[in-house]
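S.K.: Dropping the structure in here first, questions after.
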Amino acid sequence: MKKSVGIIIGGKSVEHEVSIITGMQVFDNIDRNLYEPKIIYIQKDGKWLIGNCLHDINNYKRKEFKDTYEVLPGFKNNKLILYPHPEIKTSFFGKKYPAHEIDMVFLALHGTNVEDGAIQGLFQMNGVPFTFSSVLSSAVGMDKVVMKKVFQSYNLPLVEYMWFYRSSFEDERDSILNEAEKIGYPLIVKPANLGSSVGISKANNLNELLFAIEVAMSYDRKVIVEKCLENVREINCAVMGYENDLEVSLCEEPVGWKEFLTYEDKYINGKKGLSQSKRRIPADIEENIEEQIINYAKEAFKAVDCCGNARIDFLLDGNNIFVNEINTIPGSISFYLWEGKGITFKQLINKIIELGELQHSQRNMNIVSYDIDLLNKMRASGKHK
């Protein structure tokens, strides 16, 4: 019997559209001999939709969802149950609007409120197996400040940086600016909890720094300021697995990359993100550099306790390697990094699902209830007898 896989896309995130691209690519390439896929679309207002028209990306372009209906998530026997919204004008379990049982959730979500552990917590708490990392791993991977502190504890090399809260900037403006300027221009300013280059700016002087901070603060309460390495190369690779059983993809180098890739560079200028003409796979790097990047990639993956398939981005300044960030749900699942190693998109999806099941089985081995009848051992006053 085929396993029902719900591919969740969208969400209340500025990376909403990127998620749609990733999810539709997964839907088009999933192994239908093993799985029965279904798109679950979370709109920007938070409504969950189901319907066959969600399986065609052209409907997202036209914003036409005529045969969809709103559902509410429920849980039973370690499955996600999608119930028709009570306001639908039909019987609750009517033939026109049935409930759907989902055996496995494939997360194709990017950005805050979805990739950052928020939705993982919903499924983890209710025992529904899902792909990619746990609540903790997802949250650490999303928050660049926490991520860097974890990487530092593993002695992974990082560019010089500082960070601050949005609420602190008004009262501590001068000291924050002084600390940032001590790093030395040029600087890169980022929201701590976003991806896809949204809200990122380069600053060459104080006026540009102030503007960049305002932009970043409009997206997140935490802002990170990093040293901008000039004439640097970006090298990316993916790691797949769980715990110590890890495999590393080919390395890639985005061609023409400067300080950072813009949103348009990643998702508009090429059909697969960067077009193939703007990627060099494998990257043209020396063997010893590649070996070190592979080692760092594995350590970064293990440092945040990832599961599934993650992409780690590096900065290469001469022979100096710096870990930039980890993407716990990479755009397009980074399928293009695995093709050169003979792993098809379909095989990659299969492996990600298998790893999600493995993580779920490991979690189910934990004791979650410790019954000592504590309530009946308490006095009326609330004190222990």
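Identifiers in the structure tokens: chain A, B, ... in order shown; residue index from 1 per chain; ligand index from 1 in order shown.
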Can you build me a table of segment 214-243 of chain A residues sitting at most 9 Å from segment 285-293 of chain A, with the closest atom pair per residue and its distance in Å to one decimal, using only C-alpha atoms, sorted by chain and residue number, as a Markdown table?
M.R.:
```
| residue | atom | partner | partner_atom | distance |
| --- | --- | --- | --- | --- |
| A:Ile235 | CA | A:Ile293 | CA | 8.5 |
| A:Asn236 | CA | A:Ile293 | CA | 8.8 |
| A:Cys237 | CA | A:Ile293 | CA | 8.3 |
```
S.K.: List the neighbours of Val215 of chain A out to 9 Å using only C-alpha atoms; skip same-chain residues closer than 6 positions along the sequence, and give me the result as a count of residues only.
M.R.: 6
S.K.: Enter the distance from atom CA of Leu250 of chain A to atom CA of Thr328 of chain A, in Å, rounded to one decimal.
M.R.: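 Between atom CA of Leu250 of chain A and atom CA of Thr328 of chain A the gap works out to 17.3 Å.
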S.K.: Do you know which residues are at most 10 Å from Asn320 of chain A counting only C-alpha atoms, after dropping those on the same chain fewer than 2 positions away, and could you put them as number ranges by chain?
M.R.: A: 157, 232, 289, 315-318, 322
S.K.: Next, write the just-selected residues to a file, as a tab-separated table (two decimals), in the first residue's frame, keeping N, CA and C atoms as the atom set.
M.R.:
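Okay, result-v8.tsv is ready:
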```tsv
chain	number	residue	atom	x	y	z
A	157	PRO	N	35.46	27.82	11.68
A	157	PRO	CA	35.91	29.18	11.38
A	157	PRO	C	34.77	30.07	10.88
A	232	VAL	N	35.83	37.58	-2.47
A	232	VAL	CA	35.70	36.27	-1.85
A	232	VAL	C	34.91	35.36	-2.79
A	289	ILE	N	41.55	21.99	-0.28
A	289	ILE	CA	40.49	22.91	0.11
A	289	ILE	C	39.14	22.18	0.13
A	315	LEU	N	32.49	30.65	2.69
A	315	LEU	CA	33.21	31.75	2.06
A	315	LEU	C	34.67	31.34	1.95
A	316	LEU	N	35.23	31.52	0.77
A	316	LEU	CA	36.62	31.16	0.53
A	316	LEU	C	37.40	32.42	0.18
A	317	ASP	N	38.29	32.82	1.09
A	317	ASP	CA	39.11	34.03	0.92
A	317	ASP	C	40.56	33.57	0.76
A	318	GLY	N	40.99	33.44	-0.50
A	318	GLY	CA	42.30	32.82	-0.74
A	318	GLY	C	42.22	31.36	-0.35
A	322	PHE	N	35.66	29.95	5.60
A	322	PHE	CA	34.76	30.38	6.67
A	322	PHE	C	33.40	29.74	6.45
```
S.K.: Pick out each residue of segment 15-247 of chain A that DSSP on the backbone tags as strand (DSSP E or B); I need them as a VMD selection string.
M.R.: chain A and resid 35 to 42 48 to 50 69 to 76 79 to 84 100 to 102 104 to 107 130 161 to 165 187 to 191 201 to 203 222 to 227 233 to 242 245 to 247
S.K.: Mind giving me the straight-line distance from atom CA of Val304 of chain A to atom CA of Lys346 of chain A in Å, one decimal?
M.R.: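 Distance between the two atoms: 26.3 Å.
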S.K.: Report the residues of segment 109-243 of chain A whose backbone DSSP state falls under alpha helix (DSSP H), written as a ChimeraX atom specification.
M.R.: /A:118-125,135-142,144-153,166-169,173-183,206-217
S.K.: Can you spit out the residues from that selection as a compact mmCIF listing (two decimals), in the first residue's frame, using N, CA and C atoms?
M.R.:
```
# COMPACT_ATOMS: atom_id res chain seq x y z
N ALA A 118 8.90 26.04 14.11
CA ALA A 118 7.52 26.30 14.53
C ALA A 118 6.59 25.18 14.09
N ILE A 119 6.61 24.84 12.81
CA ILE A 119 5.69 23.80 12.32
C ILE A 119 6.20 22.41 12.70
N GLN A 120 7.52 22.26 12.84
CA GLN A 120 8.07 20.98 13.28
C GLN A 120 7.52 20.61 14.66
N GLY A 121 7.37 21.61 15.52
CA GLY A 121 6.85 21.37 16.86
C GLY A 121 5.43 20.83 16.84
N LEU A 122 4.62 21.33 15.90
CA LEU A 122 3.24 20.86 15.77
C LEU A 122 3.20 19.36 15.50
N PHE A 123 4.06 18.91 14.57
CA PHE A 123 4.05 17.48 14.20
C PHE A 123 4.79 16.63 15.22
N GLN A 124 5.88 17.15 15.75
CA GLN A 124 6.65 16.38 16.74
C GLN A 124 5.82 16.12 17.98
N MET A 125 5.07 17.12 18.43
CA MET A 125 4.24 16.96 19.63
C MET A 125 3.15 15.93 19.42
N VAL A 135 12.74 20.18 15.97
CA VAL A 135 12.44 21.55 16.40
C VAL A 135 13.72 22.30 16.75
N LEU A 136 14.55 21.71 17.60
CA LEU A 136 15.77 22.37 18.05
C LEU A 136 16.72 22.62 16.89
N SER A 137 16.97 21.64 16.08
CA SER A 137 17.90 21.78 14.96
C SER A 137 17.44 22.85 13.98
N SER A 138 16.14 22.85 13.70
CA SER A 138 15.58 23.83 12.76
C SER A 138 15.71 25.24 13.31
N ALA A 139 15.42 25.39 14.60
CA ALA A 139 15.50 26.72 15.22
C ALA A 139 16.93 27.24 15.23
N VAL A 140 17.87 26.37 15.60
CA VAL A 140 19.28 26.78 15.62
C VAL A 140 19.76 27.13 14.23
N GLY A 141 19.38 26.34 13.24
CA GLY A 141 19.80 26.60 11.87
C GLY A 141 19.24 27.88 11.30
N MET A 142 18.06 28.30 11.79
CA MET A 142 17.45 29.52 11.27
C MET A 142 18.03 30.78 11.90
N LYS A 144 20.74 32.95 12.91
CA LYS A 144 22.16 33.03 12.57
C LYS A 144 23.05 33.34 13.77
N VAL A 145 22.49 34.03 14.78
CA VAL A 145 23.27 34.34 15.97
C VAL A 145 23.51 33.07 16.77
N VAL A 146 22.45 32.34 17.06
CA VAL A 146 22.58 31.08 17.81
C VAL A 146 23.41 30.09 17.01
N MET A 147 23.16 30.01 15.72
CA MET A 147 23.92 29.11 14.85
C MET A 147 25.42 29.39 14.95
N LYS A 148 25.81 30.65 14.89
CA LYS A 148 27.23 30.99 14.96
C LYS A 148 27.83 30.63 16.32
N LYS A 149 27.05 30.83 17.37
CA LYS A 149 27.56 30.47 18.70
C LYS A 149 27.76 28.96 18.82
N VAL A 150 26.86 28.19 18.24
CA VAL A 150 27.02 26.74 18.23
C VAL A 150 28.24 26.35 17.40
N PHE A 151 28.39 26.96 16.23
CA PHE A 151 29.55 26.67 15.38
C PHE A 151 30.86 27.04 16.09
N GLN A 152 30.85 28.14 16.82
CA GLN A 152 32.04 28.54 17.57
C GLN A 152 32.42 27.48 18.59
N SER A 153 31.42 26.86 19.22
CA SER A 153 31.70 25.83 20.22
C SER A 153 32.33 24.60 19.58
N ARG A 166 16.66 44.63 18.09
CA ARG A 166 16.00 45.83 17.58
C ARG A 166 15.61 46.76 18.72
N SER A 167 15.15 46.20 19.85
CA SER A 167 14.71 47.02 20.98
C SER A 167 15.87 47.76 21.63
N SER A 168 17.09 47.28 21.42
CA SER A 168 18.27 47.92 22.03
C SER A 168 18.82 49.07 21.19
N PHE A 169 18.46 49.09 19.92
CA PHE A 169 19.13 50.01 19.01
C PHE A 169 18.84 51.48 19.34
N ARG A 173 22.24 53.09 20.52
CA ARG A 173 22.58 53.30 19.12
C ARG A 173 24.07 53.56 18.91
N ASP A 174 24.65 54.49 19.64
CA ASP A 174 26.04 54.87 19.43
C ASP A 174 27.00 53.72 19.73
N SER A 175 26.76 53.02 20.84
CA SER A 175 27.66 51.92 21.19
C SER A 175 27.54 50.77 20.19
N ILE A 176 26.34 50.51 19.69
CA ILE A 176 26.15 49.46 18.69
C ILE A 176 26.86 49.82 17.39
N LEU A 177 26.71 51.07 16.98
CA LEU A 177 27.38 51.51 15.75
C LEU A 177 28.90 51.47 15.91
N ASN A 178 29.39 51.86 17.08
CA ASN A 178 30.84 51.82 17.32
C ASN A 178 31.37 50.39 17.26
N GLU A 179 30.62 49.47 17.85
CA GLU A 179 31.04 48.07 17.84
C GLU A 179 31.05 47.52 16.42
N ALA A 180 30.04 47.89 15.64
CA ALA A 180 29.99 47.44 14.25
C ALA A 180 31.15 48.01 13.44
N GLU A 181 31.43 49.30 13.63
CA GLU A 181 32.49 49.94 12.85
C GLU A 181 33.88 49.42 13.22
N LYS A 182 34.03 48.90 14.44
CA LYS A 182 35.31 48.32 14.83
C LYS A 182 35.67 47.10 13.98
N ILE A 183 34.65 46.43 13.47
CA ILE A 183 34.90 45.30 12.58
C ILE A 183 35.58 45.77 11.31
N LEU A 206 29.05 54.92 7.26
CA LEU A 206 28.07 55.02 8.34
C LEU A 206 26.65 55.21 7.82
N ASN A 207 26.45 56.05 6.82
CA ASN A 207 25.10 56.28 6.30
C ASN A 207 24.50 54.99 5.73
N GLU A 208 25.33 54.27 5.00
CA GLU A 208 24.85 53.00 4.44
C GLU A 208 24.60 51.97 5.54
N LEU A 209 25.40 52.02 6.60
CA LEU A 209 25.20 51.11 7.72
C LEU A 209 23.87 51.39 8.40
N LEU A 210 23.56 52.66 8.62
CA LEU A 210 22.29 53.02 9.25
C LEU A 210 21.11 52.56 8.40
N PHE A 211 21.21 52.76 7.10
CA PHE A 211 20.14 52.32 6.20
C PHE A 211 20.00 50.80 6.23
N ALA A 212 21.13 50.09 6.19
CA ALA A 212 21.11 48.63 6.19
C ALA A 212 20.49 48.09 7.48
N ILE A 213 20.80 48.73 8.59
CA ILE A 213 20.24 48.31 9.87
C ILE A 213 18.73 48.50 9.88
N GLU A 214 18.25 49.63 9.36
CA GLU A 214 16.81 49.88 9.29
C GLU A 214 16.11 48.82 8.45
N VAL A 215 16.73 48.45 7.34
CA VAL A 215 16.15 47.41 6.48
C VAL A 215 16.08 46.09 7.24
N ALA A 216 17.18 45.69 7.86
CA ALA A 216 17.22 44.42 8.58
C ALA A 216 16.24 44.39 9.74
N MET A 217 16.12 45.51 10.46
CA MET A 217 15.22 45.56 11.61
C MET A 217 13.76 45.49 11.20
```
S.K.: So that I can see what lies close to Ala300 of chain A, please list as a PyMOL selection string the residues with an atom at most 9 Å from it, counting only C-alpha atoms and leaving out residues fewer than 5 positions away in the same chain.
M.R.: chain A and resi 150-151+154+156+295+305-306+312+323+325-326
S.K.: Applying 7 Å and only C-alpha atoms, which residues near His100 of chain A remain after dropping the ones on its own chain fewer than 6 positions away? List them as a list in words.
M.R.: Ile81, Leu82 and Tyr83 of chain A
S.K.: Go ahead and write the selection's residues with N, CA and C atoms as an mmCIF file, in the first residue's frame.
M.R.:
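Here's the written file part24.cif:
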```
data_model
loop_
_atom_site.group_PDB
_atom_site.id
_atom_site.type_symbol
_atom_site.label_atom_id
_atom_site.label_comp_id
_atom_site.auth_asym_id
_atom_site.auth_seq_id
_atom_site.Cartn_x
_atom_site.Cartn_y
_atom_site.Cartn_z
ATOM 1 N N ILE A 81 -4.465 14.472 10.133
ATOM 2 C CA ILE A 81 -5.805 14.399 9.553
ATOM 3 C C ILE A 81 -6.222 15.815 9.164
ATOM 4 N N LEU A 82 -6.562 15.996 7.905
ATOM 5 C CA LEU A 82 -6.982 17.308 7.413
ATOM 6 C C LEU A 82 -8.506 17.324 7.314
ATOM 7 N N TYR A 83 -9.122 18.006 8.280
ATOM 8 C CA TYR A 83 -10.581 18.061 8.345
ATOM 9 C C TYR A 83 -11.100 19.289 7.598
#
```
S.K.: Do you know which residues are at most 10 Å from Gly184 of chain A counting only C-alpha atoms, after dropping those on the same chain fewer than 3 positions away, and could you put them as a list of chain:residue names?
M.R.: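 The contact residues come out as A:Glu160, A:Glu179, A:Ala180, A:Glu181, A:Leu187, A:Asn204, A:Asn205, A:Glu226, A:Lys227, A:Cys228.
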S.K.: Please list as a PyMOL selection string every residue within 7 Å of segment 13-24 of chain A, counting only C-alpha atoms and excluding residues in the same chain fewer than 2 positions away.
M.R.: chain A and resi 7+9-11+26-28+57+108-113+331-333
S.K.: Write a file of the just-selected residues containing C-alpha atoms, as an mmCIF file, in the first residue's frame.
M.R.:
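Result saved to result_6.cif:
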```cif
data_model
loop_
_atom_site.group_PDB
_atom_site.id
_atom_site.type_symbol
_atom_site.label_atom_id
_atom_site.label_comp_id
_atom_site.auth_asym_id
_atom_site.auth_seq_id
_atom_site.Cartn_x
_atom_site.Cartn_y
_atom_site.Cartn_z
ATOM 1 C CA ILE A 7 4.019 18.102 0.823
ATOM 2 C CA ILE A 9 4.351 24.568 1.015
ATOM 3 C CA GLY A 10 3.860 28.312 1.458
ATOM 4 C CA GLY A 11 3.446 29.638 4.979
ATOM 5 C CA VAL A 26 9.285 17.648 -4.989
ATOM 6 C CA PHE A 27 5.725 16.880 -6.125
ATOM 7 C CA ASP A 28 6.841 16.446 -9.749
ATOM 8 C CA ILE A 57 2.214 25.677 -10.469
ATOM 9 C CA ALA A 108 9.088 22.138 1.649
ATOM 10 C CA LEU A 109 8.963 25.336 3.686
ATOM 11 C CA HIS A 110 11.444 28.184 3.954
ATOM 12 C CA GLY A 111 11.880 31.033 6.402
ATOM 13 C CA THR A 112 10.421 32.178 9.692
ATOM 14 C CA ASN A 113 7.244 30.657 11.153
ATOM 15 C CA GLY A 331 15.817 25.504 -1.764
ATOM 16 C CA SER A 332 14.975 22.886 -4.417
ATOM 17 C CA ILE A 333 16.330 20.373 -1.854
#
```
S.K.: Quote the spacing between atom CA of Leu158 of chain A and atom CA of Phe314 of chain A in Å to one decimal place.
M.R.: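 Atom-to-atom, atom CA of Leu158 of chain A to atom CA of Phe314 of chain A, that is 9.4 Å.
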S.K.: Nearest to Leu194 of chain A: which of A:Asn327, A:Ile88, A:Tyr97, A:Lys66 is it, counting only C-alpha atoms?
M.R.: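 Answer, going by the shortest atom-to-atom distance: A:Asn327.
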